[in-house]
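Participant: My structure file coords_25.txt, compact mmCIF, C-alpha atoms, is below:
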```txt
# COMPACT_ATOMS: atom_id res chain seq x y z
CA GLN A 2 18.51 0.25 -0.20
CA MET A 3 15.08 1.48 0.77
CA GLN A 4 13.56 2.11 4.18
CA LEU A 5 9.78 2.20 4.41
CA VAL A 6 7.60 3.84 7.08
CA GLU A 7 3.84 3.39 7.09
CA SER A 8 1.30 5.73 8.66
CA GLY A 9 -2.44 6.35 8.65
CA GLY A 10 -3.75 3.27 10.40
CA GLY A 11 -6.30 3.39 13.17
CA LEU A 12 -9.76 2.45 14.35
CA VAL A 13 -12.72 3.09 12.07
CA GLN A 14 -16.33 1.99 11.92
CA ALA A 15 -17.57 -0.31 9.19
CA GLY A 16 -18.35 1.69 6.06
CA GLY A 17 -15.72 4.28 6.85
CA SER A 18 -12.51 5.20 5.06
CA LEU A 19 -8.80 5.43 5.80
CA ARG A 20 -5.79 6.41 3.75
CA LEU A 21 -2.51 4.70 4.43
CA SER A 22 0.78 6.29 3.44
CA CYS A 23 4.20 4.72 3.05
CA ALA A 24 7.18 7.03 2.85
CA ALA A 25 10.38 5.65 1.38
CA SER A 26 13.93 6.79 1.91
CA GLY A 27 16.78 5.95 -0.40
CA ASN A 28 17.06 6.63 -4.10
CA ILE A 29 15.41 3.64 -5.75
CA PHE A 30 11.72 4.34 -5.12
CA SER A 31 10.87 5.50 -8.64
CA SER A 32 12.26 2.30 -10.16
CA ALA A 33 10.68 -0.05 -7.63
CA ASP A 34 7.38 -1.89 -7.75
CA MET A 35 5.41 -1.12 -4.62
CA ALA A 36 2.70 -3.04 -2.83
CA TRP A 37 0.52 -3.22 0.24
CA TYR A 38 0.11 -6.48 2.11
CA ARG A 39 -1.94 -7.26 5.19
CA GLN A 40 -1.92 -9.86 7.91
CA PRO A 41 -5.22 -10.44 9.70
CA PRO A 42 -5.12 -11.85 13.24
CA GLY A 43 -4.13 -15.52 13.18
CA LYS A 44 -3.77 -15.60 9.39
CA GLN A 45 -1.01 -15.42 6.82
CA ARG A 46 0.15 -12.25 5.16
CA GLU A 47 -1.66 -11.58 1.87
CA LEU A 48 -1.26 -9.21 -1.03
CA VAL A 49 -3.77 -6.37 -1.06
CA ALA A 50 -2.64 -4.23 -3.99
CA ARG A 51 0.39 -3.67 -6.17
CA ILE A 52 1.54 -0.78 -8.36
CA THR A 53 4.46 -1.13 -10.72
CA ARG A 54 6.96 1.56 -11.56
CA GLY A 55 4.93 1.99 -14.76
CA ARG A 56 1.79 2.52 -12.67
CA ASN A 57 0.11 -0.73 -13.62
CA THR A 58 -2.06 -1.88 -10.72
CA ASN A 59 -3.65 -5.07 -9.51
CA TYR A 60 -5.81 -5.86 -6.49
CA ALA A 61 -6.94 -8.76 -4.38
CA ASP A 62 -10.49 -9.75 -5.30
CA SER A 63 -11.63 -8.95 -1.76
CA VAL A 64 -10.76 -5.25 -2.10
CA LYS A 65 -11.49 -4.53 -5.77
CA GLY A 66 -13.73 -1.50 -6.14
CA ARG A 67 -13.09 -0.39 -2.55
CA PHE A 68 -9.32 0.19 -2.31
CA THR A 69 -7.08 2.27 -4.57
CA ILE A 70 -3.29 2.17 -4.64
CA SER A 71 -1.35 5.13 -5.97
CA ARG A 72 2.18 6.51 -5.88
CA ASP A 73 3.89 9.87 -5.95
CA ASP A 74 7.45 9.39 -7.12
CA ALA A 75 8.34 13.02 -6.39
CA LYS A 76 7.50 12.38 -2.73
CA SER A 77 8.73 8.77 -2.70
CA THR A 78 5.39 7.79 -1.22
CA VAL A 79 2.83 5.11 -1.96
CA TYR A 80 -0.76 5.35 -0.76
CA LEU A 81 -3.65 3.02 -0.14
CA GLN A 82 -7.08 4.65 -0.11
CA MET A 83 -9.50 2.31 1.64
CA ASN A 84 -13.24 2.95 1.34
CA SER A 85 -16.30 1.01 2.47
CA LEU A 86 -14.22 -0.73 5.10
CA LYS A 87 -15.45 -4.00 6.57
CA PRO A 88 -14.55 -5.80 9.81
CA ASP A 89 -12.77 -8.41 7.65
CA ASP A 90 -10.32 -5.68 6.60
CA THR A 91 -8.94 -5.63 10.15
CA ALA A 92 -5.24 -6.43 9.91
CA VAL A 93 -1.73 -5.11 10.18
CA TYR A 94 -0.97 -3.46 6.85
CA TYR A 95 2.56 -3.58 5.47
CA CYS A 96 4.17 -1.58 2.73
CA SER A 97 6.59 -3.44 0.48
CA GLY A 98 8.99 -2.51 -2.25
CA TYR A 99 10.53 -4.79 -4.87
CA TRP A 100 13.65 -3.78 -6.72
CA PHE A 101 15.80 -6.09 -8.81
CA GLY A 102 15.22 -9.20 -6.73
CA ASN A 103 15.22 -7.47 -3.37
CA TYR A 104 12.20 -7.04 -1.12
CA TYR A 105 11.91 -4.23 1.40
CA TRP A 106 9.32 -4.04 4.18
CA GLY A 107 7.92 -1.46 6.53
CA GLN A 108 7.12 -2.11 10.17
CA GLY A 109 3.36 -2.23 9.60
CA THR A 110 0.39 -0.18 10.71
CA GLN A 111 -2.70 -1.52 12.46
CA VAL A 112 -6.12 -1.06 10.87
CA THR A 113 -9.12 -2.05 12.97
CA VAL A 114 -12.64 -1.91 11.58
CA SER A 115 -15.45 -2.15 14.13
CA SER A 116 -18.89 -3.46 13.27
```
With the file now loaded, output its structure as structure tokens.

Facilitator:
Amino acid sequence: QMQLVESGGGLVQAGGSLRLSCAASGNIFSSADMAWYRQPPGKQRELVARITRGRNTNYADSVKGRFTISRDDAKSTVYLQMNSLKPDDTAVYYCSGYWFGNYYWGQGTQVTVSS
């Protein structure tokens, strides 16, 4: 089992930066693949970035070069550094963990980018 709690969302101007954090409880974090998803207003949830337990990463084309996903297994935390934010990045951001066929989700954190 894994419980996930996101933090770090907020309101930022276009061109600004935010760092999201996702703290996990339970004892499976280090063997789980972790990801950030987002759901813009009126749209479906989409994958933003993923980091495997081996630290391989992949990103949505829309955020490549601007966002960086990382993890600290000692702290059971995954991060999303978001730079050069755009109004189109406005969404609820969700942390997700995948472990042996099971998905775990956080409650989400709102990111709003003003123009």

Participant: May I have the residues within 10 Å of Arg20 of chain A as an mmCIF file with C-alpha atoms, keeping the file's coordinate frame, using all atoms listed in the file and disregarding those fewer than 4 positions away in the same chain?

Facilitator:
```
data_model
loop_
_atom_site.group_PDB
_atom_site.id
_atom_site.type_symbol
_atom_site.label_atom_id
_atom_site.label_comp_id
_atom_site.auth_asym_id
_atom_site.auth_seq_id
_atom_site.Cartn_x
_atom_site.Cartn_y
_atom_site.Cartn_z
ATOM 1 C CA SER A 8 1.300 5.730 8.660
ATOM 2 C CA GLY A 9 -2.440 6.350 8.650
ATOM 3 C CA GLY A 10 -3.750 3.270 10.400
ATOM 4 C CA GLY A 11 -6.300 3.390 13.170
ATOM 5 C CA PHE A 68 -9.320 0.190 -2.310
ATOM 6 C CA THR A 69 -7.080 2.270 -4.570
ATOM 7 C CA ILE A 70 -3.290 2.170 -4.640
ATOM 8 C CA TYR A 80 -0.760 5.350 -0.760
ATOM 9 C CA LEU A 81 -3.650 3.020 -0.140
ATOM 10 C CA GLN A 82 -7.080 4.650 -0.110
ATOM 11 C CA MET A 83 -9.500 2.310 1.640
ATOM 12 C CA ASN A 84 -13.240 2.950 1.340
#
```

Participant: Which of these residues is nearest to Asp62 of chain A, using all atoms listed in the file: A:Ala50, A:Pro88, A:Pro41, A:Gly17?

Facilitator: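 Among the listed residues, the smallest separation from Asp62 of chain A belongs to A:Ala50.
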
Participant: What's the separation between atom CA of Val114 of chain A and atom CA of Lys65 of chain A, in Å to one decimal place?

Facilitator: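 Calculated distance between atom CA of Val114 of chain A and atom CA of Lys65 of chain A is 17.6 Å.
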
Participant: Which residue is closest to Ala25 of chain A? Choose from A:Thr58, A:Gln45, A:Ser97, A:Gln40 and count all atoms listed in the file.

Facilitator: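 Checking each of A:Thr58, A:Gln45, A:Ser97, A:Gln40 against Ala25 of chain A, counting all atoms listed in the file, the winner is A:Ser97.
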
Participant: Do you have the atom CA of Gly102 of chain A-atom CA of Phe30 of chain A distance handy?

Facilitator: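 Interatomic distance, atom CA of Gly102 of chain A to atom CA of Phe30 of chain A: 14.1 Å.
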
Participant: So which residues touch Thr110 of chain A within 10 Å, counting only C-alpha atoms, skipping near sequence neighbours fewer than 6 positions away, as a short mmCIF file (atom, residue, chain, number, x, y, z; two decimals) with C-alpha atoms, in the frame of the given file?

Facilitator:
```
data_model
loop_
_atom_site.label_atom_id
_atom_site.label_comp_id
_atom_site.auth_asym_id
_atom_site.auth_seq_id
_atom_site.Cartn_x
_atom_site.Cartn_y
_atom_site.Cartn_z
CA VAL A 6 7.60 3.84 7.08
CA GLU A 7 3.84 3.39 7.09
CA SER A 8 1.30 5.73 8.66
CA GLY A 9 -2.44 6.35 8.65
CA GLY A 10 -3.75 3.27 10.40
CA GLY A 11 -6.30 3.39 13.17
CA LEU A 21 -2.51 4.70 4.43
CA SER A 22 0.78 6.29 3.44
CA CYS A 23 4.20 4.72 3.05
CA ARG A 39 -1.94 -7.26 5.19
CA ALA A 92 -5.24 -6.43 9.91
CA VAL A 93 -1.73 -5.11 10.18
CA TYR A 94 -0.97 -3.46 6.85
CA TYR A 95 2.56 -3.58 5.47
CA CYS A 96 4.17 -1.58 2.73
#
```

Participant: My list of candidates is A:Ile29, A:Ala75, A:Val112, A:Ala36. Which is closest to Tyr60 of chain A when distances are computed with all atoms listed in the file?

Facilitator: A:Ala36

Participant: Would you mind reading off the distance between atom CA of Val64 of chain A and atom CA of Leu12 of chain A, one decimal, in Å?

Facilitator: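 It comes out at 18.2 Å.
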